[in-house]
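Just entry.txt here, compact mmCIF, C-alpha atoms:
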```txt
# COMPACT_ATOMS: atom_id res chain seq x y z
CA MET O 1299 3.68 -11.67 17.27
CA ARG O 1300 4.71 -14.55 15.05
CA THR O 1301 6.59 -16.77 17.40
CA LYS O 1302 5.02 -20.18 17.10
CA GLY O 1303 6.62 -22.99 15.20
CA LYS O 1304 9.73 -22.92 13.09
CA VAL O 1305 10.91 -19.43 12.27
CA ASN O 1306 11.83 -17.61 9.07
CA GLU O 1307 13.45 -14.19 8.91
CA ARG O 1308 13.47 -11.03 6.86
CA THR O 1309 16.31 -8.55 6.59
CA VAL O 1310 16.16 -4.89 7.71
CA LEU O 1311 19.12 -2.55 7.25
CA LYS O 1312 19.62 -0.07 10.08
CA GLY O 1313 21.82 2.99 9.70
CA ASN O 1314 22.60 6.36 11.13
CA ALA O 1315 24.55 9.42 10.10
CA LYS O 1316 27.84 7.67 10.76
CA GLY O 1317 27.13 4.52 8.83
CA ILE O 1318 25.43 1.12 8.94
CA THR O 1319 24.74 0.15 12.53
CA GLY O 1320 23.63 -3.37 11.80
CA ILE O 1321 21.37 -5.74 9.95
CA GLU O 1322 18.32 -6.84 11.90
CA ARG O 1323 16.49 -10.06 11.23
CA ASP O 1324 12.75 -9.91 11.92
CA THR O 1325 11.28 -13.35 12.52
CA TYR O 1326 8.02 -14.72 11.17
CA ALA O 1327 6.39 -18.12 11.16
CA PRO O 1328 6.16 -20.14 7.91
CA ARG O 1329 2.64 -20.34 6.57
CA GLY O 1330 2.26 -23.78 5.04
CA LYS O 1331 0.65 -23.71 1.59
CA ARG O 1332 0.24 -20.47 -0.26
CA ILE O 1333 -2.13 -19.84 -3.16
CA ALA O 1334 -0.42 -18.25 -6.14
CA TRP O 1335 -2.55 -15.55 -7.72
CA SER O 1336 -2.35 -12.15 -9.37
CA TRP O 1337 -4.61 -9.29 -10.34
CA PRO O 1338 -6.08 -8.49 -13.77
CA GLY O 1339 -5.52 -7.89 -16.52
CA LYS O 1340 -4.00 -11.31 -16.23
CA ALA O 1341 -6.32 -13.94 -17.51
CA ALA O 1342 -6.46 -16.22 -14.49
CA ALA O 1343 -6.54 -14.13 -11.38
CA LEU O 1344 -6.67 -17.07 -9.02
CA VAL O 1345 -4.35 -19.95 -9.80
CA LEU O 1346 -6.07 -22.29 -7.41
CA GLY O 1347 -4.22 -25.36 -8.49
CA THR O 1348 -0.80 -23.92 -7.79
CA ALA O 1349 0.43 -23.90 -4.22
CA LEU O 1350 3.88 -23.26 -2.86
CA LEU O 1351 5.24 -24.52 0.41
CA LEU O 1352 6.94 -21.71 2.32
CA THR O 1353 9.98 -23.26 3.86
CA ALA O 1354 12.22 -22.11 6.66
CA CYS O 1355 15.80 -22.42 5.50
CA GLY O 1356 18.69 -21.00 7.43
CA GLN O 1357 19.51 -18.15 5.01
CA GLY O 1358 15.98 -17.20 3.93
CA GLU O 1359 13.07 -18.51 1.89
CA SER O 1360 12.15 -18.90 -1.73
CA GLY O 1361 9.39 -16.41 -2.32
CA THR O 1362 8.70 -17.14 -5.98
CA ALA O 1363 4.99 -17.67 -6.49
CA GLY O 1364 3.66 -20.26 -8.90
CA ARG O 1365 7.03 -21.35 -10.31
CA SER O 1366 8.61 -24.75 -9.87
CA ASP O 1367 11.95 -23.63 -11.29
CA ALA O 1368 12.69 -21.11 -8.54
CA PRO O 1369 16.27 -21.33 -7.29
CA THR O 1370 16.90 -23.08 -4.00
CA LYS O 1371 18.52 -19.94 -2.65
CA PRO O 1372 16.71 -16.77 -3.82
CA ALA O 1373 18.47 -13.55 -4.59
CA GLY O 1374 17.27 -12.02 -1.34
CA THR O 1375 18.92 -14.25 1.22
CA ALA O 1376 20.57 -12.89 4.34
CA GLU O 1377 23.98 -13.51 2.81
CA THR O 1378 23.40 -11.46 -0.33
CA VAL O 1379 21.70 -8.60 1.48
CA GLN O 1380 24.47 -8.44 4.06
CA GLY O 1381 27.10 -8.45 1.35
CA SER O 1382 25.32 -5.57 -0.33
CA ALA O 1383 24.97 -3.61 2.90
CA ALA O 1384 28.58 -4.07 3.94
CA ALA O 1385 29.78 -2.24 0.84
CA SER O 1386 27.83 0.92 1.64
CA GLY O 1387 30.39 2.76 3.81
CA SER O 1388 29.44 5.98 5.56
CA GLU O 1389 25.79 7.01 5.69
CA THR O 1390 26.17 10.80 5.91
CA PRO O 1391 24.57 12.60 2.95
CA ALA O 1392 27.93 14.16 2.06
CA ALA O 1393 29.73 10.82 2.02
CA LEU O 1394 26.89 9.15 0.13
CA TYR O 1395 27.08 11.91 -2.47
CA GLU O 1396 30.80 11.42 -3.01
CA GLN O 1397 30.26 7.71 -3.59
CA ALA O 1398 27.12 8.26 -5.66
CA LYS O 1399 29.00 10.54 -8.08
CA LYS O 1400 31.28 7.63 -8.84
CA GLU O 1401 28.23 5.40 -9.45
CA GLY O 1402 26.79 8.07 -11.73
CA LYS O 1403 23.11 7.16 -11.66
CA VAL O 1404 20.17 5.70 -9.76
CA ILE O 1405 17.67 3.28 -11.31
CA VAL O 1406 14.15 3.54 -9.88
CA TYR O 1407 11.16 1.25 -10.41
CA SER O 1408 8.08 3.18 -9.29
CA THR O 1409 4.32 2.80 -9.28
CA SER O 1410 3.98 6.54 -8.78
CA GLY O 1411 4.73 9.38 -11.19
CA ARG O 1412 5.70 11.43 -8.13
CA ALA O 1413 9.13 9.82 -8.36
CA ASN O 1414 9.80 11.84 -11.53
CA ASP O 1415 9.12 15.11 -9.71
CA ALA O 1416 11.41 14.09 -6.85
CA ALA O 1417 14.08 13.03 -9.36
CA GLU O 1418 14.12 16.49 -11.00
CA THR O 1419 14.84 18.31 -7.75
CA PHE O 1420 17.31 15.60 -6.67
CA MET O 1421 19.40 16.00 -9.82
CA LYS O 1422 19.55 19.75 -9.23
CA GLN O 1423 20.62 19.24 -5.63
CA TYR O 1424 23.13 16.51 -6.51
CA PRO O 1425 24.63 17.22 -9.97
CA GLY O 1426 26.51 14.36 -11.51
CA ILE O 1427 23.89 11.74 -10.60
CA LYS O 1428 21.24 10.83 -13.15
CA VAL O 1429 17.98 9.35 -11.87
CA GLU O 1430 16.21 7.04 -14.31
CA VAL O 1431 12.59 6.25 -13.37
CA SER O 1432 10.56 3.42 -14.88
CA LYS O 1433 6.85 3.51 -14.04
CA VAL O 1434 5.57 -0.02 -13.42
CA LYS O 1435 2.43 -1.38 -11.77
CA SER O 1436 3.02 -3.10 -8.43
CA ASP O 1437 2.19 -6.64 -9.53
CA GLU O 1438 4.11 -6.28 -12.80
CA MET O 1439 7.07 -4.90 -10.84
CA MET O 1440 7.06 -7.97 -8.60
CA ASP O 1441 7.17 -10.27 -11.62
CA LYS O 1442 9.87 -8.20 -13.29
CA VAL O 1443 12.18 -7.98 -10.26
CA THR O 1444 11.70 -11.65 -9.40
CA LYS O 1445 12.61 -12.78 -12.91
CA GLU O 1446 15.58 -10.43 -13.05
CA GLN O 1447 16.97 -11.47 -9.67
CA ASP O 1448 16.42 -15.17 -10.34
CA ALA O 1449 18.45 -14.69 -13.52
CA GLY O 1450 21.22 -12.98 -11.53
CA GLN O 1451 20.36 -9.52 -12.87
CA PHE O 1452 20.18 -6.80 -10.23
CA ASN O 1453 18.88 -3.80 -12.15
CA PRO O 1454 16.91 -1.41 -9.91
CA ASP O 1455 18.31 0.48 -6.96
CA VAL O 1456 15.13 1.93 -5.49
CA ILE O 1457 11.66 0.40 -5.36
CA ILE O 1458 8.60 2.63 -4.89
CA THR O 1459 5.50 0.48 -4.70
CA LYS O 1460 2.02 0.05 -3.37
CA GLU O 1461 0.99 -3.23 -1.78
CA VAL O 1462 -0.86 -5.97 -3.67
CA SER O 1463 -3.01 -7.47 -0.92
CA GLY O 1464 0.06 -8.42 1.10
CA ALA O 1465 1.92 -10.00 -1.81
CA VAL O 1466 4.70 -7.40 -1.72
CA GLU O 1467 5.45 -8.28 1.89
CA GLU O 1468 5.09 -12.05 1.49
CA GLU O 1469 6.84 -12.49 -1.86
CA MET O 1470 9.30 -9.62 -2.03
CA VAL O 1471 10.13 -8.28 1.43
CA LYS O 1472 10.31 -11.48 3.46
CA PRO O 1473 12.59 -13.22 0.93
CA GLY O 1474 14.79 -10.09 0.86
CA ARG O 1475 14.16 -8.96 -2.70
CA TYR O 1476 12.97 -5.57 -1.39
CA VAL O 1477 14.84 -4.30 1.68
CA LYS O 1478 13.55 -1.84 4.26
CA TYR O 1479 15.94 1.08 4.66
CA LEU O 1480 15.32 3.67 7.35
CA PRO O 1481 18.31 5.71 8.60
CA GLU O 1482 18.22 6.26 12.34
CA ASP O 1483 18.61 10.04 12.12
CA LEU O 1484 15.32 10.14 10.21
CA ALA O 1485 13.56 7.26 11.97
CA GLU O 1486 12.87 9.08 15.22
CA LYS O 1487 10.38 11.33 13.43
CA VAL O 1488 8.56 8.51 11.60
CA ASP O 1489 5.09 7.61 12.88
CA GLU O 1490 4.15 4.04 13.65
CA PRO O 1491 3.53 1.56 12.21
CA TYR O 1492 6.03 2.68 9.56
CA ARG O 1493 9.00 3.03 11.90
CA THR O 1494 9.22 -0.45 13.44
CA GLN O 1495 6.04 -2.42 12.72
CA SER O 1496 5.52 -2.30 8.96
CA GLU O 1497 7.22 -4.06 6.08
CA GLY O 1498 8.83 -0.82 4.97
CA TYR O 1499 8.81 2.94 5.28
CA ALA O 1500 5.84 4.53 3.52
CA ASN O 1501 6.64 7.98 2.18
CA TYR O 1502 2.95 8.67 1.75
CA LEU O 1503 -0.38 6.95 2.19
CA GLU O 1504 -3.83 7.28 0.70
CA PHE O 1505 -6.95 5.22 1.17
CA ARG O 1506 -10.28 4.42 -0.45
CA THR O 1507 -13.18 6.41 0.94
CA LEU O 1508 -16.64 7.67 0.02
CA PHE O 1509 -17.14 10.93 -1.87
CA TYR O 1510 -20.39 12.89 -2.13
CA ASN O 1511 -21.67 15.70 -4.37
CA THR O 1512 -21.44 19.09 -2.67
CA ASP O 1513 -24.14 20.62 -4.90
CA HIS O 1514 -26.66 18.07 -3.65
CA TYR O 1515 -25.51 17.59 -0.05
CA LYS O 1516 -24.46 20.33 2.37
CA SER O 1517 -22.68 17.76 4.56
CA ALA O 1518 -21.73 14.09 4.42
CA PRO O 1519 -24.93 12.07 3.80
CA VAL O 1520 -23.62 8.90 5.42
CA THR O 1521 -21.65 8.16 8.59
CA ASN O 1522 -21.86 4.35 8.73
CA TRP O 1523 -20.93 1.88 5.99
CA TRP O 1524 -24.26 0.15 6.51
CA ASP O 1525 -26.07 3.34 5.43
CA LEU O 1526 -25.21 2.25 1.90
CA THR O 1527 -27.43 -0.84 2.20
CA THR O 1528 -30.62 1.14 2.96
CA PRO O 1529 -33.41 1.89 0.41
CA GLU O 1530 -32.34 5.55 0.33
CA PHE O 1531 -29.16 4.53 -1.50
CA LYS O 1532 -30.56 1.78 -3.72
CA GLY O 1533 -28.71 2.02 -7.04
CA LYS O 1534 -26.88 5.11 -5.79
CA VAL O 1535 -23.58 3.64 -4.62
CA TYR O 1536 -20.67 3.56 -7.07
CA THR O 1537 -17.28 1.93 -6.71
CA ALA O 1538 -14.20 1.40 -8.83
CA ASP O 1539 -13.85 -2.27 -9.69
CA PRO O 1540 -11.92 -4.13 -6.95
CA LEU O 1541 -11.16 -6.86 -9.48
CA SER O 1542 -8.93 -4.34 -11.25
CA SER O 1543 -7.46 -2.70 -8.16
CA PRO O 1544 -5.98 -4.57 -5.19
CA ALA O 1545 -6.33 -1.47 -3.01
CA PHE O 1546 -10.11 -1.39 -3.44
CA MET O 1547 -10.30 -5.12 -2.72
CA ASP O 1548 -8.09 -4.61 0.34
CA LEU O 1549 -10.80 -2.41 1.89
CA PHE O 1550 -13.49 -5.05 1.45
CA THR O 1551 -11.16 -7.82 2.60
CA THR O 1552 -10.29 -5.79 5.69
CA MET O 1553 -14.00 -5.54 6.47
CA VAL O 1554 -14.16 -9.32 6.30
CA LEU O 1555 -11.12 -9.64 8.56
CA HIS O 1556 -12.71 -7.18 11.02
CA SER O 1557 -16.19 -8.66 10.82
CA ASP O 1558 -16.76 -8.02 14.55
CA ASP O 1559 -16.35 -4.29 13.88
CA MET O 1560 -18.79 -4.50 10.98
CA ALA O 1561 -21.30 -6.41 13.12
CA ALA O 1562 -21.06 -3.77 15.85
CA ALA O 1563 -21.59 -0.99 13.30
CA TYR O 1564 -24.66 -2.83 11.98
CA LYS O 1565 -26.15 -3.01 15.47
CA GLU O 1566 -25.42 0.68 16.03
CA LYS O 1567 -27.17 1.52 12.76
CA PHE O 1568 -30.20 -0.75 12.99
CA GLY O 1569 -30.50 -1.40 16.74
CA LYS O 1570 -30.35 -5.17 16.42
CA ASP O 1571 -27.84 -7.97 15.86
CA ILE O 1572 -26.97 -8.74 12.28
CA GLU O 1573 -28.60 -11.72 10.55
CA LEU O 1574 -26.45 -13.52 8.01
CA HIS O 1575 -28.03 -14.66 4.78
CA GLY O 1576 -25.83 -17.54 3.72
CA THR O 1577 -22.64 -15.59 4.36
CA GLU O 1578 -19.73 -16.37 6.66
CA ASN O 1579 -19.60 -13.13 8.65
CA ALA O 1580 -20.67 -9.47 8.74
CA GLY O 1581 -17.96 -8.44 6.28
CA TYR O 1582 -19.18 -10.83 3.60
CA GLU O 1583 -22.77 -9.91 4.47
CA PHE O 1584 -21.99 -6.24 3.83
CA ILE O 1585 -20.66 -7.04 0.35
CA LYS O 1586 -23.74 -9.15 -0.39
CA GLN O 1587 -26.14 -6.45 0.76
CA LEU O 1588 -24.28 -3.81 -1.27
CA PHE O 1589 -24.87 -5.85 -4.42
CA ASP O 1590 -28.47 -6.59 -3.42
CA ASN O 1591 -28.96 -2.81 -3.11
CA GLY O 1592 -27.82 -2.19 -6.68
CA LEU O 1593 -24.11 -1.45 -6.32
CA VAL O 1594 -22.75 0.15 -9.51
CA VAL O 1595 -19.23 -1.01 -10.43
CA LEU O 1596 -17.21 1.23 -12.75
CA LYS O 1597 -13.74 0.88 -14.19
CA GLY O 1598 -11.71 3.28 -12.03
CA SER O 1599 -11.71 6.01 -9.41
CA ASP O 1600 -11.95 8.83 -11.98
CA ASP O 1601 -15.01 7.16 -13.54
CA VAL O 1602 -16.71 7.09 -10.15
CA LEU O 1603 -16.04 10.76 -9.48
CA ASP O 1604 -17.14 11.70 -13.00
CA ALA O 1605 -20.43 9.89 -12.38
CA ILE O 1606 -21.23 11.58 -9.07
CA GLY O 1607 -19.38 14.88 -9.37
CA LYS O 1608 -20.25 16.54 -12.67
CA ALA O 1609 -23.98 16.95 -12.10
CA ASN O 1610 -26.29 17.46 -9.14
CA SER O 1611 -26.12 13.81 -8.10
CA ASP O 1612 -27.53 12.22 -4.97
CA ALA O 1613 -25.24 9.19 -5.38
CA VAL O 1614 -22.06 8.51 -3.41
CA GLY O 1615 -18.92 6.86 -4.70
CA LEU O 1616 -15.95 4.93 -3.39
CA ALA O 1617 -12.76 6.47 -4.78
CA VAL O 1618 -9.12 7.27 -3.95
CA SER O 1619 -8.59 9.91 -1.26
CA GLY O 1620 -5.77 11.42 -3.32
CA ASP O 1621 -8.20 12.21 -6.14
CA VAL O 1622 -9.46 15.17 -4.12
CA SER O 1623 -6.39 17.00 -5.50
CA LYS O 1624 -7.93 16.72 -9.01
CA VAL O 1625 -11.24 18.37 -8.12
CA GLU O 1626 -10.54 21.73 -9.76
CA GLU O 1627 -8.83 20.23 -12.80
CA LYS O 1628 -11.62 17.71 -13.44
CA GLY O 1629 -14.54 19.94 -12.56
CA TRP O 1630 -15.87 17.64 -9.86
CA ASN O 1631 -18.16 19.04 -7.16
CA VAL O 1632 -17.21 16.48 -4.54
CA LEU O 1633 -15.75 16.08 -1.09
CA PRO O 1634 -14.38 12.96 0.63
CA ILE O 1635 -15.73 11.56 3.89
CA TYR O 1636 -12.93 11.03 6.39
CA ASP O 1637 -14.91 9.53 9.27
CA MET O 1638 -17.04 6.42 8.80
CA LYS O 1639 -18.17 3.77 11.29
CA PRO O 1640 -16.71 1.40 12.26
CA LYS O 1641 -13.57 2.62 10.42
CA THR O 1642 -13.18 4.85 7.41
CA SER O 1643 -10.78 2.62 5.49
CA VAL O 1644 -7.43 0.85 5.43
CA PRO O 1645 -4.19 2.57 4.33
CA ASP O 1646 -2.86 2.24 0.80
CA SER O 1647 0.79 3.04 1.42
CA GLY O 1648 3.50 4.09 -1.02
CA TYR O 1649 6.55 2.21 0.25
CA LEU O 1650 10.20 3.06 -0.38
CA PHE O 1651 12.57 0.10 -0.54
CA LEU O 1652 16.21 -0.46 -1.35
CA ALA O 1653 16.44 -3.18 -3.98
CA ASN O 1654 18.52 -6.19 -3.03
CA LYS O 1655 22.10 -5.91 -4.33
CA ALA O 1656 21.38 -2.43 -5.65
CA PRO O 1657 24.14 -1.67 -8.18
CA HIS O 1658 24.14 2.03 -7.23
CA GLN O 1659 23.57 1.69 -3.53
CA ALA O 1660 24.97 5.03 -2.33
CA GLY O 1661 22.85 6.92 -4.84
CA ALA O 1662 19.83 4.82 -3.91
CA LYS O 1663 20.15 5.69 -0.24
CA LEU O 1664 20.72 9.34 -1.03
CA PHE O 1665 17.60 9.42 -3.22
CA ILE O 1666 15.50 7.69 -0.55
CA ARG O 1667 16.65 10.27 1.99
CA TRP O 1668 15.73 13.01 -0.49
CA MET O 1669 12.19 11.68 -0.98
CA MET O 1670 11.80 11.36 2.79
CA GLY O 1671 12.48 15.08 3.16
CA GLU O 1672 15.89 14.64 4.82
CA LYS O 1673 16.48 14.80 8.57
CA ASP O 1674 14.31 17.86 9.23
CA GLY O 1675 11.44 16.78 6.95
CA GLN O 1676 11.77 20.01 4.98
CA GLY O 1677 13.72 18.70 1.99
CA GLU O 1678 12.30 19.54 -1.42
CA GLY O 1679 12.12 15.87 -2.40
CA MET O 1680 9.20 15.44 0.00
CA ALA O 1681 6.99 17.97 -1.81
CA PRO O 1682 5.44 15.64 -4.45
CA PHE O 1683 4.31 13.24 -1.73
CA ASN O 1684 2.82 15.75 0.72
CA GLU O 1685 -0.37 16.60 -1.16
CA ILE O 1686 -4.09 16.98 -0.48
CA GLY O 1687 -5.59 13.51 -0.05
CA SER O 1688 -2.20 12.01 0.87
CA TRP O 1689 -0.51 11.86 4.25
CA VAL O 1690 3.19 11.72 5.13
CA PRO O 1691 3.71 9.62 8.30
CA ARG O 1692 6.29 11.91 9.90
CA SER O 1693 5.54 13.85 13.09
CA ASP O 1694 7.55 16.85 11.87
CA VAL O 1695 5.80 17.20 8.50
CA LYS O 1696 2.68 19.37 8.46
CA THR O 1697 -0.12 17.82 6.43
CA LYS O 1698 -2.04 19.79 3.81
CA ASN O 1699 -5.23 18.03 4.88
CA ASP O 1700 -7.75 19.18 7.46
CA VAL O 1701 -7.36 15.86 9.30
CA ALA O 1702 -3.97 14.91 10.75
CA PHE O 1703 -2.48 11.48 10.12
CA GLU O 1704 -2.84 10.44 13.77
CA ASP O 1705 -6.55 11.38 13.72
CA LEU O 1706 -7.46 9.22 10.73
CA ASN O 1707 -9.96 6.51 11.65
CA LEU O 1708 -8.29 3.61 9.82
CA TRP O 1709 -7.88 -0.10 10.30
CA ILE O 1710 -4.27 -1.25 10.53
CA TYR O 1711 -3.04 -2.83 7.31
CA ASP O 1712 -2.30 -6.51 7.92
CA GLY O 1713 -0.57 -7.74 4.77
CA GLU O 1714 -0.11 -11.29 5.95
CA LYS O 1715 -3.82 -11.80 6.67
CA LEU O 1716 -4.84 -9.99 3.50
CA TYR O 1717 -2.55 -12.19 1.44
CA PHE O 1718 -4.37 -15.35 2.46
CA GLU O 1719 -7.92 -13.96 2.68
CA ALA O 1720 -8.09 -11.77 -0.44
CA PRO O 1721 -8.41 -14.61 -2.98
CA LYS O 1722 -11.44 -15.91 -1.07
CA VAL O 1723 -13.06 -12.46 -0.93
CA ARG O 1724 -12.32 -12.01 -4.61
CA ASP O 1725 -14.14 -15.26 -5.42
CA PHE O 1726 -17.09 -14.14 -3.31
CA TRP O 1727 -17.18 -10.77 -5.11
CA ILE O 1728 -17.23 -12.45 -8.52
CA LYS O 1729 -20.19 -14.60 -7.49
CA GLN O 1730 -22.21 -11.50 -6.54
CA LYS O 1731 -21.86 -9.85 -9.97
```
Whole structure given in structure tokens:
Amino acid sequence: MRTKGKVNERTVLKGNAKGITGIERDTYAPRGKRIAWSWPGKAAALVLGTALLLTACGQGESGTAGRSDAPTKPAGTAETVQGSAAASGSETPAALYEQAKKEGKVIVYSTSGRANDAAETFMKQYPGIKVEVSKVKSDEMMDKVTKEQDAGQFNPDVIITKEVSGAVEEEMVKPGRYVKYLPEDLAEKVDEPYRTQSEGYANYLEFRTLFYNTDHYKSAPVTNWWDLTTPEFKGKVYTADPLSSPAFMDLFTTMVLHSDDMAAAYKEKFGKDIELHGTENAGYEFIKQLFDNGLVVLKGSDDVLDAIGKANSDAVGLAVSGDVSKVEEKGWNVLPIYDMKPKTSVPDSGYLFLANKAPHQAGAKLFIRWMMGEKDGQGEGMAPFNEIGSWVPRSDVKTKNDVAFEDLNLWIYDGEKLYFEAPKVRDFWIKQK
């Protein structure tokens, strides 16, 4: 709980079938100085000289990273979000549809192409509403929305985004630029932490995990992350470049944050306490030993699976769980490993947000409901998100995977800690190359 010191707040809209039931304000403690940084391909990934004081002001906080010209009162203050919410009216799908027809369209900024599939079925279900989807990377979306809102332009209605090492929560959700929207008639079926504990509702989640070649291995060749540091796997471990993907870096940063877990897994593997070789903890030591054992860094997840999956390879590779759905199309002979010690991975969640001051708010809420699968979880808009290698965190939605969501052995995603630790881990990674 974040209860010490002066308190800031973030806005959460709560609704049910009869309408908005209220606007909750989650509290969080201000964090002092914050390093402004972004991911490649931006030239300077760590802007170490630029820091921003997070202040606690009565209506909200300025969450604009690395800019001295940010407005005193950002677009996402409690006042503006409340004004936007108050205009929504009834929350029943039928009433939302009537209002949405008058609005005429829904503007979506999305990191995922799945939004286009959901939009097609939505427009058939709700004629008279056009859904326009722009595909944008998470970090670029943050920059775009921030600049637009600071200029008084409120363009998108719905935000579909992955995290960027906690930056989405810290810079977009807490200041109110992205708003969590979870109708109460759907919320009761949503699994934690996405119902009450997370920054937003995640319509699906993936994670980074190890894959192995099924022609070479009859079963998973490793069960412990430290197996990868042994002579047997020297030069035989591949990963997509974490410097190009925040989600890959989030896994390694989470290992650093949970160094006690990594130390315990080391002892279980080798029967002795871990010895650090100039590193801060077992998480950093794991990264160092991976590089010392000949870690191969490739551009992306597909490159990793190409390298280990198209021949009889004895290598293993760190890739996206959702890529298992491409196996037949790509000709890969691979399977993912869904149980590693101490934990398999950390979630990479696809969040749905209502944009602050959404110009087509009724349509936005209707579209979010559609992608969530509606009240019974059976709505056609859910289909693009419920795929092999992806999990929908709803208790009433049957997964297509052999492992249920609640049985996944994952660390909890802690965006706030990742936000402040990831730049340090990134620096450490660069020094190992």
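We find atom CA of O:Val1614 and atom CA of O:Leu1508 to be spaced 6.5 Å apart.
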Residues at most 10 Å from O:Lys1597, counting only C-alpha atoms, excluding those fewer than 3 positions away in the same chain, as a PDB file with C-alpha atoms, in the coordinates of the input?
```pdb
ATOM      1  CA  THR O1537     -17.280   1.930  -6.710  1.00  0.00           C
ATOM      2  CA  ALA O1538     -14.200   1.400  -8.830  1.00  0.00           C
ATOM      3  CA  ASP O1539     -13.850  -2.270  -9.690  1.00  0.00           C
ATOM      4  CA  PRO O1540     -11.920  -4.130  -6.950  1.00  0.00           C
ATOM      5  CA  LEU O1541     -11.160  -6.860  -9.480  1.00  0.00           C
ATOM      6  CA  SER O1542      -8.930  -4.340 -11.250  1.00  0.00           C
ATOM      7  CA  SER O1543      -7.460  -2.700  -8.160  1.00  0.00           C
ATOM      8  CA  ASP O1600     -11.950   8.830 -11.980  1.00  0.00           C
ATOM      9  CA  ASP O1601     -15.010   7.160 -13.540  1.00  0.00           C
ATOM     10  CA  VAL O1602     -16.710   7.090 -10.150  1.00  0.00           C
TER      11      VAL O1602
END
```
Between atom CA of O:Val1690 and atom CA of O:Lys1433, distance in Å (one decimal)
21.2 Å
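Using only C-alpha atoms, the smallest distance between any of O:Glu1461, O:Glu1530, O:Glu1578, O:Glu1685 and O:Gly1592 comes from O:Glu1530.
The residue that comes closest to O:Lys1534, out of O:Ala1518, O:Met1553, O:Leu1593, O:Ala1562 and on the basis of all atoms listed in the file, is O:Leu1593.
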Considering only C-alpha atoms, can you say which of O:Gln1587, O:Gln1447, O:Thr1419, O:Thr1390 comes closest to O:Asp1483?
O:Thr1390
Please measure the separation of atom CA of O:Gly1615 and atom CA of O:Thr1507, giving the value in Å to one decimal.
8.1 Å
Would you kindly return, as a ChimeraX atom specification, each protein, DNA or RNA residue with an atom no farther than 12 Å from any atom of O:Gly1671, considering all atoms listed in the file and excluding same-chain residues fewer than 2 positions away?
/O:1416,1419-1420,1483-1485,1487-1488,1501-1502,1664-1669,1673-1684,1690-1692,1694-1696
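The shortest atom-to-atom distance to O:Ile1405, with all atoms listed in the file taken into account, belongs to O:Ala1662 out of O:Ala1449, O:Ala1613, O:Ala1662, O:Met1440.
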Closest of O:Arg1412, O:Lys1715, O:Lys1729, O:Lys1532 to O:Val1594 - atom-to-atom distances counting only C-alpha atoms:
O:Lys1532
I'd like the neighbourhood of O:Leu1706 as a ChimeraX atom specification, where a residue qualifies if any of its atoms comes within 12 Å (using all atoms listed in the file), though same-chain residues fewer than 2 positions away should be ignored.
/O:1503-1505,1507,1635-1638,1641-1645,1687-1689,1691,1699-1704,1708-1710
Contacts of O:Asp1712 at 12 Å or less, counting all atoms listed in the file, minus same-chain residues fewer than 6 places along, as a VMD selection string?
chain O and resid 1461 to 1468 1491 1495 to 1497 1548 to 1549 1551 to 1553 1555 to 1556 1644 to 1647 1718 to 1720
